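Printed here is structure19.cif (mmCIF, C-alpha atoms):
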```
data_data
loop_
_atom_site.label_atom_id
_atom_site.label_comp_id
_atom_site.auth_asym_id
_atom_site.auth_seq_id
_atom_site.Cartn_x
_atom_site.Cartn_y
_atom_site.Cartn_z
CA MET A 1 109.77 116.41 105.37
CA SER A 2 107.38 119.17 104.27
CA ILE A 3 104.53 117.60 106.21
CA ASP A 4 106.15 115.92 109.18
CA MET A 5 108.65 118.57 110.25
CA TYR A 6 106.09 121.27 110.78
CA LEU A 7 103.49 119.15 112.61
CA PRO A 8 104.87 119.99 116.09
CA ALA A 9 104.60 123.69 115.17
CA LEU A 10 100.90 123.61 114.22
CA PRO A 11 99.58 124.70 117.64
CA SER A 12 102.09 127.57 117.88
CA MET A 13 101.35 128.62 114.28
CA GLN A 14 97.65 128.61 115.10
CA ALA A 15 98.32 130.98 118.01
CA HIS A 16 100.67 133.17 115.93
CA PHE A 17 98.16 133.75 113.14
CA GLY A 18 95.12 133.84 115.45
CA VAL A 19 93.15 131.27 113.46
CA SER A 20 91.03 128.23 114.30
CA THR A 21 92.22 124.63 114.43
CA GLY A 22 90.36 123.92 111.20
CA GLN A 23 92.02 126.86 109.44
CA ILE A 24 95.56 125.87 110.37
CA GLN A 25 94.85 122.23 109.47
CA LEU A 26 93.64 123.50 106.10
CA THR A 27 97.28 124.25 105.24
CA LEU A 28 97.78 120.47 105.30
CA SER A 29 94.77 119.84 103.06
CA ILE A 30 95.95 122.53 100.63
CA TYR A 31 99.32 120.80 100.48
CA PHE A 32 97.64 117.47 99.71
CA ILE A 33 95.52 119.08 96.96
CA GLY A 34 98.66 120.55 95.39
CA LEU A 35 100.33 117.15 95.49
CA ALA A 36 97.29 115.58 93.87
CA PHE A 37 96.74 117.86 90.91
CA GLY A 38 100.34 118.88 90.28
CA GLN A 39 101.11 115.28 89.40
CA LEU A 40 98.71 115.42 86.45
CA LEU A 41 101.06 117.94 84.82
CA TYR A 42 104.32 116.14 85.55
CA GLY A 43 103.15 112.73 84.29
CA PRO A 44 102.78 113.50 80.56
CA LEU A 45 105.63 116.03 80.63
CA ALA A 46 108.00 113.42 82.11
CA ASP A 47 106.99 110.91 79.41
CA ARG A 48 107.66 113.51 76.71
CA PHE A 49 110.75 115.39 77.90
CA GLY A 50 112.41 112.94 80.28
CA ARG A 51 112.59 112.50 84.04
CA ARG A 52 115.64 114.51 85.10
CA ALA A 53 114.75 117.96 83.72
CA LEU A 54 111.25 117.88 85.20
CA LEU A 55 112.62 116.84 88.59
CA LEU A 56 115.03 119.78 88.62
CA ILE A 57 112.23 122.21 87.77
CA GLY A 58 110.02 120.80 90.51
CA LEU A 59 112.74 121.00 93.16
CA GLY A 60 113.46 124.59 92.14
CA ILE A 61 109.79 125.54 92.63
CA TYR A 62 109.78 123.77 95.99
CA THR A 63 112.81 125.71 97.24
CA VAL A 64 111.38 129.10 96.24
CA ALA A 65 108.04 128.19 97.84
CA SER A 66 109.78 127.37 101.12
CA VAL A 67 111.17 130.92 101.16
CA VAL A 68 107.62 132.24 100.66
CA CYS A 69 106.51 130.27 103.74
CA VAL A 70 109.35 131.74 105.82
CA LEU A 71 108.29 135.28 104.89
CA ALA A 72 104.51 134.72 105.10
CA PRO A 73 102.82 137.62 106.95
CA GLY A 74 99.48 135.83 107.28
CA ILE A 75 97.67 132.53 106.89
CA GLU A 76 96.70 133.34 103.28
CA VAL A 77 100.29 133.75 102.09
CA LEU A 78 101.36 130.71 104.11
CA SER A 79 98.65 128.66 102.39
CA LEU A 80 99.84 129.91 98.99
CA GLY A 81 103.42 128.96 99.88
CA ARG A 82 102.29 125.50 100.95
CA LEU A 83 100.43 125.06 97.66
CA MET A 84 103.58 126.05 95.73
CA GLN A 85 105.67 123.66 97.85
CA ALA A 86 103.32 120.84 96.91
CA LEU A 87 103.31 121.71 93.21
CA GLY A 88 107.10 121.57 93.21
CA GLY A 89 107.55 118.61 95.53
CA CYS A 90 105.11 116.32 93.73
CA ALA A 91 107.57 116.09 90.84
CA GLY A 92 109.65 113.74 92.95
CA MET A 93 106.69 111.47 93.65
CA VAL A 94 105.69 111.04 90.01
CA ILE A 95 109.20 110.78 88.63
CA THR A 96 110.48 108.35 91.27
CA ARG A 97 107.76 105.82 90.49
CA ALA A 98 108.28 106.30 86.74
CA MET A 99 112.07 105.85 87.03
CA VAL A 100 111.61 102.59 88.94
CA ARG A 101 109.25 101.37 86.21
CA ASP A 102 111.80 102.48 83.57
CA ARG A 103 114.60 100.41 85.09
CA PHE A 104 112.92 97.30 86.54
CA GLU A 105 110.60 94.55 85.38
CA PRO A 106 107.11 94.41 86.93
CA GLU A 107 107.93 91.40 89.12
CA ASP A 108 110.79 93.34 90.72
CA THR A 109 108.97 96.61 91.34
CA ALA A 110 107.29 95.57 94.62
CA ARG A 111 110.74 94.81 96.07
CA ILE A 112 112.15 98.13 94.82
CA PHE A 113 109.20 100.14 96.12
CA ALA A 114 109.67 98.49 99.52
CA ALA A 115 113.31 99.61 99.48
CA LEU A 116 112.18 103.13 98.62
CA VAL A 117 109.88 103.06 101.64
CA LEU A 118 112.97 102.53 103.78
CA VAL A 119 114.63 105.61 102.31
CA MET A 120 111.49 107.72 102.48
CA GLY A 121 110.72 106.44 105.96
CA VAL A 122 113.74 108.19 107.45
CA ALA A 123 111.98 111.55 106.95
CA PRO A 124 108.88 110.88 109.07
CA ILE A 125 111.07 109.39 111.80
CA LEU A 126 113.51 112.29 111.99
CA ALA A 127 111.43 115.23 110.75
CA PRO A 128 109.08 115.67 113.73
CA LEU A 129 112.01 115.20 116.11
CA VAL A 130 113.94 117.91 114.27
CA GLY A 131 110.85 120.12 114.20
CA GLY A 132 110.31 119.70 117.93
CA GLN A 133 113.93 120.49 118.73
CA LEU A 134 113.86 123.59 116.51
CA LEU A 135 110.92 124.85 118.55
CA ASN A 136 113.05 124.52 121.68
CA PHE A 137 115.33 127.28 120.41
CA PHE A 138 113.44 129.16 117.67
CA ASP A 139 109.89 129.81 116.49
CA TRP A 140 107.96 128.12 113.68
CA HIS A 141 109.76 130.11 110.96
CA SER A 142 112.86 127.99 111.57
CA VAL A 143 111.07 124.90 110.23
CA PHE A 144 110.66 126.49 106.81
CA VAL A 145 114.23 127.81 106.84
CA VAL A 146 115.42 124.21 107.21
CA LEU A 147 113.05 123.08 104.43
CA THR A 148 114.50 125.78 102.17
CA VAL A 149 118.01 124.45 102.75
CA PHE A 150 116.77 120.88 102.28
CA GLY A 151 115.17 121.76 98.93
CA ALA A 152 118.34 123.46 97.69
CA LEU A 153 120.44 120.43 98.67
CA CYS A 154 118.08 118.03 96.87
CA TRP A 155 118.24 120.21 93.75
CA GLY A 156 122.03 120.11 93.83
CA LEU A 157 122.13 116.34 94.31
CA ALA A 158 119.69 115.78 91.44
CA LEU A 159 121.73 118.06 89.19
CA THR A 160 125.05 116.32 89.87
CA GLY A 161 124.10 112.72 90.60
CA LEU A 162 120.97 111.76 88.68
CA GLN A 163 120.99 110.16 85.23
CA GLU A 164 118.11 110.12 82.76
CA THR A 165 116.22 106.78 82.75
CA LEU A 166 113.74 107.34 79.93
CA ALA A 167 115.13 105.37 76.99
CA GLN A 168 112.93 106.94 74.33
CA ARG A 169 111.11 110.27 74.47
CA GLY A 170 107.37 110.17 73.97
CA GLU A 171 105.29 111.72 71.23
CA PRO A 172 104.63 115.48 71.21
CA ILE A 173 102.07 116.33 73.87
CA ARG A 174 98.51 116.75 72.65
CA LEU A 175 95.91 117.64 75.26
CA SER A 176 93.32 115.36 73.69
CA ALA A 177 95.72 112.40 73.81
CA VAL A 178 96.64 113.10 77.43
CA LEU A 179 92.98 113.32 78.44
CA ARG A 180 92.22 110.07 76.60
CA GLY A 181 95.13 108.42 78.40
CA TYR A 182 93.84 109.49 81.80
CA ALA A 183 90.30 108.45 80.83
CA ARG A 184 91.52 104.95 79.93
CA LEU A 185 93.15 104.63 83.34
CA LEU A 186 90.03 105.80 85.16
CA VAL A 187 87.89 103.09 83.54
CA ASP A 188 90.48 100.34 84.12
CA ARG A 189 88.97 98.43 87.06
CA ARG A 190 92.22 96.88 88.23
CA PHE A 191 94.17 100.13 88.04
CA MET A 192 91.45 101.93 89.99
CA ALA A 193 91.19 99.15 92.57
CA TYR A 194 94.89 99.18 93.42
CA SER A 195 95.20 102.97 93.16
CA LEU A 196 92.25 103.44 95.51
CA ALA A 197 93.74 100.92 97.93
CA SER A 198 96.88 103.05 98.05
CA GLY A 199 94.83 106.26 98.14
CA LEU A 200 92.64 105.17 101.03
CA ALA A 201 95.72 104.00 102.91
CA SER A 202 97.15 107.48 102.35
CA ALA A 203 93.88 109.04 103.49
CA GLY A 204 94.16 107.12 106.74
CA MET A 205 97.77 108.17 107.17
CA PHE A 206 97.08 111.83 106.39
CA SER A 207 94.06 111.83 108.70
CA TYR A 208 96.50 110.73 111.37
CA ILE A 209 99.02 113.37 110.27
CA SER A 210 96.36 116.10 110.28
CA GLY A 211 94.97 115.22 113.69
CA SER A 212 97.86 113.68 115.62
CA ALA A 213 99.55 116.90 116.74
CA PHE A 214 96.35 118.20 118.32
CA VAL A 215 95.40 114.81 119.78
CA PHE A 216 98.77 114.16 121.42
CA ILE A 217 99.65 117.75 122.36
CA GLU A 218 96.25 119.21 123.29
CA VAL A 219 94.15 116.18 124.28
CA PHE A 220 96.84 114.15 126.07
CA GLY A 221 99.14 117.04 127.07
CA ILE A 222 102.29 115.77 125.34
CA SER A 223 104.97 118.41 124.71
CA PRO A 224 105.88 119.22 121.08
CA GLN A 225 109.30 117.68 121.70
CA HIS A 226 107.86 114.41 123.04
CA PHE A 227 105.26 114.33 120.27
CA GLY A 228 108.14 113.85 117.84
CA TRP A 229 109.06 110.58 119.57
CA TYR A 230 105.52 109.21 119.31
CA PHE A 231 105.29 110.23 115.66
CA GLY A 232 108.72 108.81 114.94
CA ALA A 233 107.81 105.48 116.55
CA ASN A 234 104.82 105.10 114.21
CA ALA A 235 106.99 105.96 111.22
CA ALA A 236 109.57 103.41 112.38
CA GLY A 237 106.87 100.72 112.54
CA PHE A 238 105.81 101.59 108.99
CA VAL A 239 109.41 101.35 107.72
CA VAL A 240 110.32 98.14 109.59
CA VAL A 241 107.23 96.28 108.39
CA SER A 242 107.84 97.41 104.80
CA GLN A 243 111.27 95.79 104.88
CA PHE A 244 109.71 92.36 105.40
CA ASN A 245 107.90 92.76 102.09
CA HIS A 246 110.64 91.26 99.91
CA ARG A 247 110.88 88.19 102.17
CA LEU A 248 107.12 87.69 102.21
CA LEU A 249 107.07 87.95 98.41
CA ARG A 250 109.01 84.67 98.26
CA ARG A 251 105.89 82.87 99.49
CA SER A 252 103.07 85.17 98.37
CA THR A 253 102.18 87.38 95.43
CA PRO A 254 101.95 91.18 95.80
CA ASP A 255 98.16 90.90 95.47
CA GLN A 256 97.91 88.34 98.28
CA LEU A 257 100.09 90.42 100.60
CA LEU A 258 98.07 93.54 99.82
CA ARG A 259 94.76 91.89 100.68
CA ARG A 260 96.07 90.57 104.00
CA ALA A 261 97.55 93.94 104.89
CA LEU A 262 94.25 95.68 104.13
CA LEU A 263 92.44 93.31 106.49
CA ALA A 264 94.97 94.13 109.22
CA TYR A 265 94.59 97.86 108.50
CA ALA A 266 90.81 97.60 108.85
CA GLY A 267 90.90 95.44 111.98
CA PHE A 268 93.37 97.61 113.88
CA SER A 269 91.44 100.76 112.94
CA VAL A 270 88.21 99.34 114.38
CA VAL A 271 90.05 98.65 117.64
CA LEU A 272 91.34 102.24 117.56
CA VAL A 273 87.80 103.62 117.26
CA ALA A 274 86.53 101.43 120.10
CA LEU A 275 89.30 102.53 122.48
CA ALA A 276 89.12 106.20 121.47
CA ALA A 277 85.34 106.27 121.97
CA SER A 278 85.43 104.49 125.33
CA GLY A 279 88.53 106.22 126.69
CA ILE A 280 89.92 102.86 127.80
CA GLY A 281 93.68 103.02 128.16
CA GLY A 282 93.90 106.80 127.82
CA LEU A 283 96.99 107.81 125.85
CA TRP A 284 98.16 104.23 125.30
CA GLY A 285 94.67 103.16 124.23
CA VAL A 286 95.14 105.47 121.24
CA ALA A 287 98.92 105.24 120.73
CA VAL A 288 99.19 101.43 120.52
CA PRO A 289 96.46 100.77 117.91
CA LEU A 290 97.71 103.81 115.96
CA PHE A 291 101.14 102.18 115.84
CA LEU A 292 99.61 98.95 114.50
CA VAL A 293 97.52 100.82 111.92
CA MET A 294 100.50 102.80 110.63
CA SER A 295 102.71 99.70 110.58
CA SER A 296 100.23 97.81 108.40
CA LEU A 297 100.58 100.51 105.74
CA GLY A 298 104.16 99.35 105.21
CA LEU A 299 102.82 96.35 103.28
CA ILE A 300 100.03 98.21 101.50
CA TYR A 301 102.00 100.90 99.68
CA PRO A 302 104.67 98.85 97.85
CA ASN A 303 102.29 96.10 96.77
CA ALA A 304 99.43 98.38 95.72
CA THR A 305 101.85 100.54 93.74
CA ALA A 306 103.44 97.54 92.02
CA MET A 307 100.07 96.06 91.06
CA ALA A 308 98.70 99.38 89.76
CA MET A 309 101.80 100.24 87.70
CA ALA A 310 102.58 96.78 86.30
CA PRO A 311 100.61 96.94 83.00
CA PHE A 312 101.75 100.45 82.04
CA GLY A 313 105.45 100.32 81.22
CA ALA A 314 105.11 102.45 78.07
CA ASN A 315 103.16 105.16 79.91
CA ALA A 316 104.70 104.95 83.37
CA GLY A 317 104.68 108.71 83.88
CA LEU A 318 100.99 109.02 83.02
CA ALA A 319 100.02 106.05 85.21
CA SER A 320 102.17 107.30 88.08
CA ALA A 321 100.56 110.75 87.86
CA ALA A 322 97.04 109.35 87.78
CA MET A 323 97.76 107.09 90.74
CA GLY A 324 99.32 109.94 92.71
CA THR A 325 96.40 112.26 91.97
CA LEU A 326 93.88 109.71 93.19
CA GLN A 327 96.02 109.02 96.23
CA PHE A 328 96.35 112.62 97.36
CA THR A 329 92.83 113.70 96.41
CA VAL A 330 91.43 111.06 98.72
CA ALA A 331 94.06 111.95 101.32
CA ALA A 332 93.09 115.64 101.18
CA VAL A 333 89.47 114.74 101.85
CA GLY A 334 90.50 112.62 104.84
CA GLY A 335 92.71 115.34 106.30
CA ALA A 336 90.01 118.00 105.83
CA ALA A 337 87.40 115.74 107.43
CA VAL A 338 89.50 115.41 110.58
CA GLY A 339 89.84 119.19 110.85
CA HIS A 340 86.12 119.74 110.21
CA LEU A 341 85.05 117.12 112.77
CA HIS A 342 87.56 118.24 115.43
CA ASP A 343 85.83 118.14 118.83
CA GLY A 344 88.72 118.11 121.28
CA THR A 345 88.97 114.30 121.42
CA ALA A 346 90.77 111.56 119.49
CA LEU A 347 87.52 110.08 118.14
CA PRO A 348 87.18 112.09 114.87
CA MET A 349 90.70 111.13 113.81
CA ALA A 350 90.10 107.48 114.70
CA ALA A 351 86.72 107.38 112.94
CA VAL A 352 88.07 108.82 109.69
CA ILE A 353 90.98 106.36 109.71
CA ALA A 354 88.56 103.45 110.22
CA ALA A 355 86.27 104.65 107.43
CA CYS A 356 89.25 104.79 105.06
CA ALA A 357 90.47 101.33 106.06
CA LEU A 358 87.12 99.59 105.72
CA THR A 359 86.47 101.26 102.36
CA ALA A 360 89.93 100.28 101.09
CA ALA A 361 89.42 96.61 101.89
CA GLY A 362 85.85 96.57 100.56
CA GLN A 363 86.46 98.30 97.24
CA LEU A 364 89.35 95.97 96.34
CA ARG A 365 87.09 92.95 96.79
CA VAL A 366 84.50 94.55 94.50
CA LEU A 367 86.70 96.05 91.76
CA ALA A 368 89.41 93.36 91.68
CA PRO A 369 87.98 90.14 93.13
CA VAL A 370 90.42 87.31 93.74
CA LYS A 371 88.99 85.17 90.92
CA ASP A 372 90.10 87.83 88.42
CA GLN A 373 93.76 87.69 89.48
#
```

Translate the structure of the given file into structure tokens.
Amino acid sequence: MSIDMYLPALPSMQAHFGVSTGQIQLTLSIYFIGLAFGQLLYGPLADRFGRRALLLIGLGIYTVASVVCVLAPGIEVLSLGRLMQALGGCAGMVITRAMVRDRFEPEDTARIFAALVLVMGVAPILAPLVGGQLLNFFDWHSVFVVLTVFGALCWGLALTGLQETLAQRGEPIRLSAVLRGYARLLVDRRFMAYSLASGLASAGMFSYISGSAFVFIEVFGISPQHFGWYFGANAAGFVVVSQFNHRLLRRSTPDQLLRRALLAYAGFSVVLVALAASGIGGLWGVAVPLFLVMSSLGLIYPNATAMAMAPFGANAGLASAAMGTLQFTVAAVGGAAVGHLHDGTALPMAAVIAACALTAAGQLRVLAPVKDQ
């Protein structure tokens, strides 16, 4: 919601603050950076003090940060508000993965993560549509007003409806032990391979998120309201494909599905670059391969997450935080690259997506070859 709802407002926010395309897109990269490094704090804290309390604190920070964005007088304060939003919102990302690992056995987690994709997928389908419609009647401030209300509602639901899932609290937190735990994860080849697969998939998605509003609205002349429909269609493809995951798991392992999905991700992204560079097909030459690229991610996320988290039941919070940090650090680089390379065409966005896809497929073959599975 915090990313997708305000995408249609990016061009109008750029005009309001009188900043460049790269500067307004930097608010996305700042958000990704906050998501990345905030998770490092929540992971060990959630293992020590439990999931529920940390989630409530994070949602509280998110709600206050949304108010800061509403009242922001300039791009600097807006960027600070976005960073605070990310630091609060990332609690949900870490704790959700950890709670799934608390409750389910490793062989069931890929199915559960696919179900979570369905729930989370409603936001990118509806959020840009809601954002576009808000701009029909109000200015960009209204987007952050809605996010403030959304944050407060989530806090209330977590307070009244969420039960603690951590059966046994962890040991008292010692910085040296936390750092050693993260270091062990960073030298675990299989953990890094699957985490980077997820991270590079996220980098491709966030490169699309960072550049899509300008590509569709400025390059192809789509209205902010119609942009929401294009964005929602890609999100729908992502969600629908993810729901086939549990059926495909009856005949394949999560690792096998992940490798096939990465090949599809890479292949479709190469087609996207070719069509964007040549101009063949115009709008549809970009929109159709983008739909296929985004849809392929629906099989990458649940299986990469399940494979990365499987060996770390006792330290699910720490592993979830490390995975999330890798994921959003790489994503922030991808989003910033699109803004930096912006040249008024769709090619920079397409090229960054393809670079992420090809790297994702290649590194998995190197770090976790099939013979090791």

I'd like the neighbourhood of range 171-187 of chain A as a ChimeraX atom specification, where a residue qualifies if any of its atoms comes within 10 Å (using only C-alpha atoms), though same-chain residues fewer than 2 positions away should be ignored.
/A:40-41,43-45,47-49,168-169,189-192,195,308,312,315,318-319,321-323,326

For the structure shown, which residues end up in the PyMOL selection byres ((chain A and resi 9) around 9)? Put them as a list in words, please?
Met5, Tyr6, Leu7, Pro8, Leu10, Pro11, Ser12, Met13, Gln14, Gly131, Gly132, Leu135, Asp139, Trp140, Val143, Ala213 and Pro224 of chain A

Using only C-alpha atoms, pick whichever of A:Ser269, A:Tyr194, A:Val146, A:Ala274 has the shortest atom-to-atom distance to Ala368 in chain A.
A:Tyr194

Selection: 7 Å around Gly339 in chain A, only C-alpha atoms, excl. self and same-chain fewer than 5 positions, as a ChimeraX atom specification:
/A:21-22,25

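The space separating CA of Ala203 in chain A from CA of Cys69 in chain A comes to 24.7 Å.
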
Compare A:Leu153, A:Ala264, A:Val286, A:Ala201 by their minimum atom-to-atom distance to Thr63 in chain A, counting all atoms listed in the file, and give me the closest one.
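Nearest to Thr63 in chain A: A:Leu153.
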
If the PyMOL selection byres ((chain A and resi 289) around 8) is run on the structure shown, which residues does it catch, given as a PDB file with C-alpha atoms, keeping the file's coordinate frame?
```pdb
ATOM      1  CA  PHE A 268      93.370  97.610 113.880  1.00  0.00           C
ATOM      2  CA  SER A 269      91.440 100.760 112.940  1.00  0.00           C
ATOM      3  CA  VAL A 271      90.050  98.650 117.640  1.00  0.00           C
ATOM      4  CA  LEU A 272      91.340 102.240 117.560  1.00  0.00           C
ATOM      5  CA  GLY A 285      94.670 103.160 124.230  1.00  0.00           C
ATOM      6  CA  VAL A 286      95.140 105.470 121.240  1.00  0.00           C
ATOM      7  CA  ALA A 287      98.920 105.240 120.730  1.00  0.00           C
ATOM      8  CA  VAL A 288      99.190 101.430 120.520  1.00  0.00           C
ATOM      9  CA  LEU A 290      97.710 103.810 115.960  1.00  0.00           C
ATOM     10  CA  PHE A 291     101.140 102.180 115.840  1.00  0.00           C
ATOM     11  CA  LEU A 292      99.610  98.950 114.500  1.00  0.00           C
ATOM     12  CA  VAL A 293      97.520 100.820 111.920  1.00  0.00           C
TER      13      VAL A 293
END
```

Selection near Val77 in chain A, 12 Å with all atoms listed in the file, sequence-local residues under 6 positions removed, as a PyMOL selection string
chain A and resi 17+27+65-71+83-84

For Ala233 in chain A, list every protein, DNA or RNA residue within 8 Å, evaluated using all atoms listed in the file, and leave out those in the same chain fewer than 3 positions away; present the list as a count of residues only.
6
